[in-house]
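Have a look at my_file_5.txt; it's compact mmCIF, C-alpha atoms and all ligand atoms:
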# COMPACT_ATOMS: atom_id res chain seq x y z
CA MET A 1 37.95 -139.84 -57.73
CA PRO A 2 38.17 -143.64 -58.22
CA ARG A 3 35.93 -145.75 -56.03
CA LYS A 4 36.53 -149.28 -54.89
CA ILE A 5 34.13 -152.05 -55.88
CA ASN A 6 34.22 -155.57 -54.51
CA ILE A 7 33.81 -158.17 -57.21
CA LYS A 8 34.85 -161.59 -55.82
CA ARG A 9 34.29 -163.33 -59.09
CA SER A 10 36.38 -165.89 -60.92
CA VAL A 11 38.61 -164.58 -63.68
CA LEU A 12 37.26 -167.45 -65.77
CA ALA A 13 33.59 -166.80 -64.88
CA ALA A 14 32.34 -166.47 -68.46
CA ASP A 15 33.82 -169.78 -69.48
CA GLU A 16 32.83 -171.50 -66.25
CA GLU A 17 29.20 -170.87 -67.12
CA PHE A 18 29.66 -172.96 -70.24
CA ALA A 19 31.43 -175.64 -68.20
CA SER A 20 28.41 -175.77 -65.88
CA LYS A 21 26.06 -176.09 -68.83
CA ILE A 22 28.09 -178.99 -70.20
CA ARG A 23 28.22 -180.67 -66.79
CA GLU A 24 24.47 -180.33 -66.38
CA ARG A 25 23.73 -181.72 -69.83
CA LEU A 26 25.99 -184.74 -69.32
CA ARG A 27 24.62 -185.32 -65.83
CA LYS A 28 21.13 -185.62 -67.31
CA GLU A 29 22.37 -187.97 -70.02
CA GLY A 30 24.46 -190.01 -67.59
CA THR A 31 27.46 -189.55 -69.88
CA LEU A 32 30.93 -189.74 -68.36
CA MET A 33 33.30 -187.06 -69.64
CA VAL A 34 37.06 -187.49 -69.49
CA ASN A 35 39.50 -184.68 -70.35
CA LEU A 36 42.86 -186.09 -71.53
CA ILE A 37 45.74 -183.74 -70.89
CA GLY A 38 49.39 -184.27 -71.83
CA SER A 39 52.27 -182.86 -73.88
CA PRO A 40 52.30 -183.01 -77.68
CA GLY A 41 53.31 -186.53 -78.61
CA ALA A 42 52.60 -188.06 -75.20
CA GLY A 43 50.45 -190.66 -76.95
CA LYS A 44 46.95 -189.33 -76.29
CA THR A 45 45.51 -190.13 -79.70
CA THR A 46 47.19 -193.55 -79.80
CA LEU A 47 45.78 -194.26 -76.35
CA LEU A 48 42.31 -193.34 -77.60
CA GLU A 49 42.69 -195.56 -80.66
CA ALA A 50 43.66 -198.51 -78.45
CA THR A 51 40.91 -197.73 -75.93
CA LEU A 52 38.14 -197.42 -78.51
CA GLY A 53 39.06 -200.83 -79.91
CA GLU A 54 38.61 -202.50 -76.51
CA ILE A 55 36.00 -200.58 -74.60
CA PRO A 56 32.54 -202.12 -74.22
CA PHE A 57 30.77 -198.73 -74.03
CA SER A 58 29.39 -196.33 -76.60
CA CYS A 59 31.88 -193.52 -76.96
CA ALA A 60 32.45 -190.24 -78.76
CA VAL A 61 35.55 -188.11 -79.05
CA VAL A 62 36.25 -184.40 -79.28
CA GLU A 63 39.72 -183.65 -80.58
CA GLY A 64 41.40 -180.38 -79.69
CA ASP A 65 44.36 -179.24 -81.74
CA VAL A 66 45.87 -175.94 -82.74
CA ALA A 67 45.50 -176.94 -86.40
CA THR A 68 44.60 -179.84 -88.71
CA SER A 69 42.01 -182.58 -88.38
CA ARG A 70 44.61 -185.36 -88.45
CA ASP A 71 43.65 -186.73 -85.04
CA ALA A 72 39.93 -186.75 -85.88
CA GLU A 73 40.72 -188.67 -89.06
CA ARG A 74 42.64 -191.24 -87.01
CA ILE A 75 39.77 -191.61 -84.54
CA SER A 76 37.10 -191.91 -87.23
CA LYS A 77 38.86 -195.05 -88.49
CA THR A 78 37.66 -196.72 -85.28
CA ARG A 79 34.08 -195.84 -86.33
CA THR A 80 33.64 -193.61 -83.31
CA PRO A 81 31.78 -190.30 -83.69
CA VAL A 82 34.38 -187.54 -83.54
CA VAL A 83 34.45 -183.76 -83.80
CA GLN A 84 37.62 -181.76 -84.32
CA ILE A 85 38.09 -178.37 -82.69
CA ASN A 86 40.90 -176.18 -84.00
CA THR A 87 41.93 -173.50 -81.54
CA GLN A 88 43.82 -171.42 -84.18
CA GLY A 89 46.84 -170.89 -81.97
CA GLY A 90 45.09 -171.30 -78.62
CA CYS A 91 47.09 -173.61 -76.34
CA HIS A 92 44.08 -175.18 -74.58
CA LEU A 93 40.40 -175.95 -75.09
CA GLU A 94 37.79 -173.71 -73.48
CA ALA A 95 34.30 -174.74 -72.46
CA HIS A 96 32.52 -172.44 -74.92
CA LEU A 97 34.32 -174.18 -77.80
CA LEU A 98 33.34 -177.58 -76.46
CA TRP A 99 29.74 -176.48 -75.94
CA LYS A 100 29.54 -175.61 -79.63
CA ALA A 101 31.19 -178.89 -80.66
CA LEU A 102 28.61 -180.82 -78.65
CA ASP A 103 25.97 -179.66 -81.15
CA GLU A 104 27.46 -182.20 -83.51
CA ILE A 105 27.53 -185.10 -81.07
CA PRO A 106 24.41 -187.00 -80.07
CA THR A 107 25.05 -187.35 -76.34
CA SER A 108 21.78 -189.08 -75.57
CA GLY A 109 22.54 -192.70 -74.83
CA LEU A 110 26.27 -192.00 -74.90
CA ASP A 111 28.38 -193.68 -72.22
CA VAL A 112 31.72 -191.94 -72.45
CA LEU A 113 32.78 -188.66 -74.03
CA PHE A 114 36.54 -188.35 -74.42
CA VAL A 115 38.12 -184.97 -74.96
CA GLU A 116 41.70 -184.87 -76.16
CA ASN A 117 42.94 -181.48 -75.10
CA VAL A 118 45.57 -179.46 -76.96
CA GLY A 119 49.06 -180.83 -76.22
CA ASN A 120 50.24 -178.83 -73.20
CA LEU A 121 50.69 -179.65 -69.52
CA VAL A 122 49.89 -176.20 -68.17
CA CYS A 123 46.93 -174.23 -69.56
CA PRO A 124 44.54 -177.16 -70.13
CA ALA A 125 44.69 -177.83 -66.40
CA GLU A 126 43.44 -174.29 -65.68
CA PHE A 127 40.29 -174.42 -67.77
CA ASP A 128 37.36 -176.48 -66.57
CA LEU A 129 35.49 -178.05 -69.48
CA GLY A 130 32.73 -179.59 -67.39
CA GLU A 131 34.50 -182.94 -67.27
CA ASP A 132 34.05 -185.56 -64.57
CA TYR A 133 37.77 -186.27 -64.54
CA LYS A 134 40.94 -184.81 -65.89
CA VAL A 135 43.42 -187.50 -66.87
CA ALA A 136 47.13 -186.75 -66.99
CA VAL A 137 48.87 -188.55 -69.85
CA CYS A 138 52.65 -188.62 -69.58
CA SER A 139 55.02 -190.75 -71.65
CA VAL A 140 58.24 -192.50 -70.66
CA PRO A 141 60.49 -190.43 -73.02
CA GLU A 142 59.38 -187.21 -71.29
CA GLY A 143 61.26 -188.25 -68.17
CA PRO A 144 60.10 -188.95 -64.61
CA ASP A 145 60.27 -185.38 -63.28
CA LYS A 146 57.08 -184.11 -64.95
CA PRO A 147 54.67 -184.53 -61.99
CA LEU A 148 56.69 -182.19 -59.78
CA LYS A 149 57.19 -179.72 -62.61
CA TYR A 150 53.47 -179.58 -63.38
CA PRO A 151 51.88 -180.12 -59.95
CA HIS A 152 48.55 -178.50 -60.78
CA LEU A 153 47.62 -181.06 -63.42
CA PHE A 154 48.87 -184.07 -61.49
CA HIS A 155 47.19 -182.88 -58.31
CA GLU A 156 43.80 -182.56 -60.01
CA ALA A 157 43.89 -185.64 -62.21
CA GLY A 158 41.50 -188.49 -61.46
CA ALA A 159 43.96 -190.85 -63.13
CA VAL A 160 47.58 -190.64 -64.20
CA LEU A 161 48.55 -192.71 -67.23
CA LEU A 162 52.19 -193.41 -67.91
CA THR A 163 52.33 -194.24 -71.62
CA LYS A 164 54.92 -195.91 -73.88
CA VAL A 165 56.14 -198.20 -71.10
CA ASP A 166 57.38 -200.55 -73.86
CA LEU A 167 60.25 -198.03 -74.18
CA ILE A 168 61.47 -198.47 -70.60
CA PRO A 169 64.23 -200.94 -71.61
CA TYR A 170 65.75 -198.31 -73.91
CA ILE A 171 65.37 -195.20 -71.77
CA ASP A 172 66.70 -194.41 -68.33
CA PHE A 173 63.35 -193.90 -66.61
CA ASP A 174 63.02 -194.02 -62.83
CA GLY A 175 59.49 -195.37 -62.39
CA ASP A 176 59.70 -195.30 -58.59
CA LEU A 177 60.53 -191.61 -58.68
CA PHE A 178 57.66 -190.90 -61.09
CA TRP A 179 55.00 -192.80 -59.16
CA GLY A 180 56.37 -191.66 -55.79
CA ASP A 181 55.91 -188.03 -56.83
CA VAL A 182 52.44 -188.75 -58.24
CA LYS A 183 51.45 -190.32 -54.90
CA LYS A 184 52.73 -187.29 -52.98
CA LEU A 185 50.74 -184.93 -55.18
CA ASN A 186 47.64 -187.00 -55.50
CA PRO A 187 47.32 -190.08 -53.32
CA LEU A 188 43.86 -190.91 -54.63
CA ALA A 189 44.56 -190.91 -58.38
CA SER A 190 44.33 -194.18 -60.29
CA CYS A 191 47.84 -194.96 -61.53
CA ILE A 192 48.13 -196.95 -64.75
CA GLU A 193 51.02 -197.94 -66.99
CA VAL A 194 50.13 -198.48 -70.62
CA ALA A 195 51.75 -199.28 -73.93
CA SER A 196 49.03 -198.44 -76.42
CA LEU A 197 50.86 -200.01 -79.34
CA THR A 198 51.02 -203.43 -77.66
CA GLY A 199 47.74 -203.11 -75.72
CA LYS A 200 49.43 -203.40 -72.34
CA GLY A 201 47.44 -201.77 -69.54
CA ILE A 202 44.46 -200.85 -71.71
CA ASP A 203 42.26 -203.26 -69.75
CA ALA A 204 43.21 -201.61 -66.43
CA TRP A 205 42.36 -198.23 -67.98
CA THR A 206 38.97 -199.35 -69.33
CA ASP A 207 38.25 -200.85 -65.88
CA VAL A 208 38.77 -197.43 -64.33
CA LEU A 209 36.48 -195.88 -66.95
CA GLY A 210 33.86 -198.54 -66.19
CA ARG A 211 34.08 -197.81 -62.48
CA TRP A 212 33.74 -194.05 -63.04
CA LEU A 213 30.74 -194.60 -65.30
CA MET A 214 29.06 -196.85 -62.72
CA GLU A 215 29.69 -194.32 -59.95
CA LYS A 216 28.25 -191.54 -62.07
CA ARG A 217 25.07 -193.46 -62.85
CA ARG A 218 24.52 -194.83 -59.37
CA MET B 1 52.94 -169.14 -70.48
CA HIS B 2 49.57 -169.83 -68.89
CA GLU B 3 49.72 -166.26 -67.58
CA LEU B 4 48.80 -165.08 -71.07
CA SER B 5 45.75 -167.38 -71.16
CA MET B 6 44.68 -166.01 -67.78
CA VAL B 7 45.21 -162.42 -68.87
CA GLU B 8 43.12 -162.91 -71.99
CA SER B 9 40.22 -164.29 -69.92
CA LEU B 10 40.69 -161.53 -67.35
CA ILE B 11 40.49 -158.77 -69.94
CA GLU B 12 37.38 -160.26 -71.49
CA GLU B 13 35.75 -160.43 -68.05
CA LEU B 14 36.76 -156.88 -67.16
CA LEU B 15 35.48 -155.39 -70.41
CA LYS B 16 32.20 -157.20 -69.85
CA LEU B 17 31.89 -155.87 -66.29
CA GLN B 18 32.75 -152.37 -67.44
CA LYS B 19 30.04 -152.45 -70.09
CA GLU B 20 27.44 -153.91 -67.72
CA HIS B 21 28.06 -151.26 -65.08
CA GLY B 22 28.78 -148.36 -67.39
CA TRP B 23 32.06 -147.42 -65.69
CA GLU B 24 34.06 -144.79 -67.49
CA ARG B 25 37.37 -146.33 -66.59
CA ILE B 26 38.85 -149.21 -64.60
CA CYS B 27 41.91 -147.77 -62.86
CA ALA B 28 43.07 -150.75 -60.81
CA ILE B 29 42.38 -154.48 -60.57
CA ARG B 30 43.12 -156.58 -57.53
CA LEU B 31 43.44 -160.32 -58.17
CA ARG B 32 43.72 -163.18 -55.70
CA ILE B 33 45.73 -166.05 -57.12
CA GLY B 34 46.28 -169.34 -55.35
CA ALA B 35 49.86 -170.57 -55.11
CA MET B 36 48.90 -173.83 -56.84
CA ARG B 37 48.24 -171.81 -60.01
CA GLN B 38 51.99 -171.23 -60.26
CA VAL B 39 51.66 -167.74 -61.61
CA ILE B 40 54.87 -165.78 -61.99
CA PRO B 41 53.94 -162.16 -61.15
CA GLU B 42 56.47 -160.59 -63.54
CA ILE B 43 55.10 -162.61 -66.45
CA MET B 44 51.52 -161.83 -65.45
CA HIS B 45 52.24 -158.08 -65.34
CA PHE B 46 54.11 -158.23 -68.62
CA ALA B 47 51.31 -160.18 -70.33
CA PHE B 48 48.73 -157.78 -68.92
CA ASP B 49 50.56 -154.63 -69.99
CA ILE B 50 51.00 -155.78 -73.57
CA THR B 51 47.51 -157.25 -73.94
CA VAL B 52 45.63 -154.16 -72.68
CA GLN B 53 47.32 -151.92 -75.22
CA GLY B 54 44.68 -150.35 -77.42
CA THR B 55 41.79 -151.49 -75.20
CA ALA B 56 39.73 -149.46 -72.73
CA LEU B 57 41.91 -150.96 -69.98
CA GLU B 58 45.15 -149.41 -71.15
CA GLY B 59 46.96 -147.88 -68.18
CA ALA B 60 45.04 -149.86 -65.57
CA LYS B 61 47.10 -151.05 -62.62
CA LEU B 62 47.20 -154.76 -61.82
CA VAL B 63 47.71 -155.80 -58.20
CA LEU B 64 48.34 -159.46 -57.42
CA GLU B 65 47.76 -161.09 -54.09
CA THR B 66 49.03 -164.65 -53.67
CA VAL B 67 46.94 -167.01 -51.57
CA PRO B 68 49.18 -169.56 -49.82
CA LEU B 69 48.39 -173.26 -49.93
CA LYS B 70 46.12 -174.40 -47.13
CA LYS B 71 45.65 -178.13 -46.70
CA LYS B 72 43.21 -180.15 -44.67
CA CYS B 73 43.51 -183.76 -43.58
CA ARG B 74 40.25 -185.62 -44.17
CA THR B 75 41.30 -188.27 -41.64
CA CYS B 76 42.14 -186.19 -38.53
CA LYS B 77 40.78 -182.76 -39.69
CA ASN B 78 44.18 -181.18 -39.12
CA MET B 79 44.53 -177.94 -41.11
CA TRP B 80 47.82 -176.28 -42.01
CA THR B 81 49.62 -173.96 -44.39
CA ASP B 82 52.84 -174.81 -46.14
CA GLY B 83 54.64 -173.83 -49.30
CA ASP B 84 55.04 -177.29 -50.77
CA GLU B 85 53.03 -177.67 -53.97
CA ALA B 86 54.01 -181.28 -54.25
CA LEU B 87 53.30 -182.73 -50.83
CA PHE B 88 49.86 -183.88 -49.77
CA LEU B 89 50.62 -185.75 -46.58
CA CYS B 90 49.25 -184.95 -43.11
CA GLU B 91 52.00 -183.76 -40.78
CA LYS B 92 50.04 -184.94 -37.78
CA CYS B 93 48.67 -188.40 -38.55
CA GLY B 94 50.53 -189.31 -41.74
CA SER B 95 47.33 -189.76 -43.78
CA SER B 96 47.58 -189.05 -47.48
CA ASP B 97 43.89 -188.19 -47.75
CA VAL B 98 44.57 -184.49 -47.85
CA GLU B 99 42.60 -181.84 -49.68
CA LEU B 100 43.61 -178.39 -50.80
CA VAL B 101 41.19 -175.93 -49.21
CA GLU B 102 42.97 -172.77 -50.38
CA GLY B 103 45.49 -172.21 -53.13
CA MET B 104 43.44 -172.69 -56.30
CA GLU B 105 41.93 -169.20 -56.37
CA LEU B 106 41.83 -167.20 -59.57
CA GLU B 107 39.57 -164.37 -58.56
CA ILE B 108 38.92 -160.73 -59.28
CA GLU B 109 38.81 -159.49 -55.71
CA SER B 110 38.06 -155.81 -56.30
CA LEU B 111 38.33 -152.97 -58.77
CA GLU B 112 38.94 -149.28 -58.61
CA VAL B 113 36.69 -147.57 -61.10
CA GLU B 114 35.68 -144.10 -62.22
N1 LIG C 1 56.68 -197.04 -78.47
C1 LIG C 1 55.49 -196.49 -78.34
N2 LIG C 1 55.17 -195.41 -79.07
C2 LIG C 1 53.95 -194.85 -78.90
C3 LIG C 1 53.01 -195.38 -77.97
N3 LIG C 1 51.91 -194.60 -77.99
C4 LIG C 1 52.14 -193.64 -78.92
N4 LIG C 1 53.36 -193.80 -79.48
C5 LIG C 1 53.94 -192.97 -80.55
O1 LIG C 1 54.12 -191.65 -80.10
C6 LIG C 1 53.88 -190.72 -81.17
C7 LIG C 1 52.87 -189.67 -80.75
O2 LIG C 1 51.63 -190.30 -80.49
P1 LIG C 1 50.24 -189.54 -80.51
O3 LIG C 1 49.23 -190.51 -80.03
O4 LIG C 1 50.00 -188.92 -81.83
O5 LIG C 1 50.49 -188.40 -79.42
P2 LIG C 1 49.55 -187.16 -78.98
O6 LIG C 1 50.16 -185.94 -79.59
O7 LIG C 1 49.65 -187.13 -77.48
O8 LIG C 1 48.17 -187.44 -79.46
C8 LIG C 1 53.42 -191.55 -82.36
O9 LIG C 1 54.51 -191.71 -83.22
C9 LIG C 1 53.00 -192.86 -81.73
O10 LIG C 1 53.13 -193.96 -82.59
C10 LIG C 1 53.39 -196.53 -77.21
O11 LIG C 1 52.65 -197.04 -76.38
N5 LIG C 1 54.63 -197.03 -77.42
MG MG C 2 46.87 -186.20 -80.59
ZN ZN C 3 45.75 -186.15 -40.34

Would you mind giving the structure from this file in C-alpha cells?
Ligand SMILES: Nc1nc2c(ncn2[C@@H]2O[C@H](COP(=O)(O)OP(=O)(O)O)[C@@H](O)[C@H]2O)c(=O)[nH]1
Ligand SMILES: [Mg+2]
Ligand SMILES: [Zn+2]
Amino acid sequence: MPRKINIKRSVLAADEEFASKIRERLRKEGTLMVNLIGSPGAGKTTLLEATLGEIPFSCAVVEGDVATSRDAERISKTRTPVVQINTQGGCHLEAHLLWKALDEIPTSGLDVLFVENVGNLVCPAEFDLGEDYKVAVCSVPEGPDKPLKYPHLFHEAGAVLLTKVDLIPYIDFDGDLFWGDVKKLNPLASCIEVASLTGKGIDAWTDVLGRWLMEKRR
Amino acid sequence: MHELSMVESLIEELLKLQKEHGWERICAIRLRIGAMRQVIPEIMHFAFDITVQGTALEGAKLVLETVPLKKKCRTCKNMWTDGDEALFLCEKCGSSDVELVEGMELEIESLEVE
C-alpha cells in the first residue's frame, strides 16, 4: 500500500546547493557575478569584448557553449582570464559545472566575474548559478516582441541590454514597444542600448556594473 | 523545451531521495509549479514519460499543480492574483514597484512511495 510523504523541496535542490556555495565564495571575495543570457547570436561575446576593453575593473569570464572554445579564444585576446565550459548538448549552464570551472579562476581580488550562458532565452533563466544579477541580452534583429514571449528572463533580469542598435536604421524595430514591455515586466531593471561594434552605450553599461560592484562591497 | 531540463533535474532528485530513504518504489510525484515558469503540462508529462524509461521511476505517475501568480505592491502593500505574466503594475495605487510573491515555485510537494 503506497504511503504519502511530504517533501516540499525544490526540484533543482541539488544544483541550488552549488549555487549557494558559489554565492558564498564570491560574497567573501567581494566579487560581482553577472550571468549574461540571450539567444545565440544576440551579441553576448561581442558585448564582452567591448566591455573588457573599457572596464576599469579586474575581470574574468566563464564561457558556456554547447561545443567549441571559439568564444573563450575571442575573450583571451583581451588578456582576460577565461574558462570555457562545454555542455555537450545541454542548453544551459548549471551551478555544479560553474563550481568546477571556478577551480581554474583565481577569484581572490577579482572585481567582476562574467558568465556567458549558453545561447537560449528559456532554460538559462531557470537555473540559478549563484550570480548577483542575470542580464538579458537581446538584439535588434530578433524583433521587439521578445520580452513578452520570454517573461521569466526579463522579469528577473537586473539589466536589459538591447544590442546592435546600429542596425535600427535598416530594420523595422519598435523601440517604444520593446522598452514599454520591459518596463511592464520589470520596472526596476536598468535599460541600456548598446552597439558593441561602435562602442555606443558601453559606458552606460560599465557604469551599471560599477554601481552593482559598489553596492555589493558596501 | 525547458520542460526537459526540469524533468532531468527532477529525476536526478527523485532517484537521490529514493536511495537515501530506501524506498522500493516511487508510485506518484506531486509537483507545484509557478505560472511564471511557463510550463506546458502536456510537454512536461511527455518529457517525463520518455525520460523515466529504463529507470527505477518507470511507471510513476506525475501530478502537476499550477500555482497562480500572486503579486504584492511594495508601495501600498496591496496583494492580488492575476493571470498576466507580463504586467507588474499595482491596480490600486499605480506603483510599478511590484514583487512576485508566488508563481516561481518549482517544488516537489509530495510523493507516494512503497
Ligand atoms: N551590427 C552589429 N553587429 C553585431 C553587434 N554585436 C555583435 N554583432 C554581430 O553579431 C554576430 C553574433 O555576435 P556574438 O557576439 O558572437 O553573439 P553571441 O552568440 O550572443 O555571443 C557577430 O557576427 C557579431 O559581429 C553590434 O553591436 N552591431
Ligand atoms: Mg557567444
Ligand atoms: Zn500599490

For ligand LIG 1 (chain C), which of A:Ala157, A:Leu197, A:Leu48, A:Leu213 is the closest residue, counting all atoms listed in the file?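 Nearest to ligand LIG 1 (chain C): A:Leu197.
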
Find the residues of chain A in contact range of chain B, meaning any atom within 12 Å when counting all atoms listed in the file, and list them as a count of residues only. 52

Neighbouring residues of ligand LIG 1 (chain C) are defined here as those with any atom at most 10 Å from a ligand atom, counting all atoms listed in the file; list them as a PyMOL selection string. chain A and resi 36-50+63-65+70-71+74+116-120+137-141+162-168+193-201

Which distance in Å separates atom CA of Met214 of chain A and atom CA of Phe178 of chain A, to one decimal?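 Computing the Euclidean distance for atom CA of Met214 of chain A and atom CA of Phe178 of chain A yields 29.3 Å.
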
Identify the residues within 8 Å of coordinate (29.9, -188.5, -85.4) (same frame as the file), considering all atoms listed in the file, and give the answer as a list in words.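 Result, sorted by chain then residue number: Ala60, Thr80, Pro81, Val82, Val83, Glu104, Ile105 and Pro106 of chain A.
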
Using atom CA of Ala19 of chain A and atom CA of Ala72 of chain A as the two end points, give the distance in Å to one decimal.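 Calculated distance between atom CA of Ala19 of chain A and atom CA of Ala72 of chain A is 22.5 Å.
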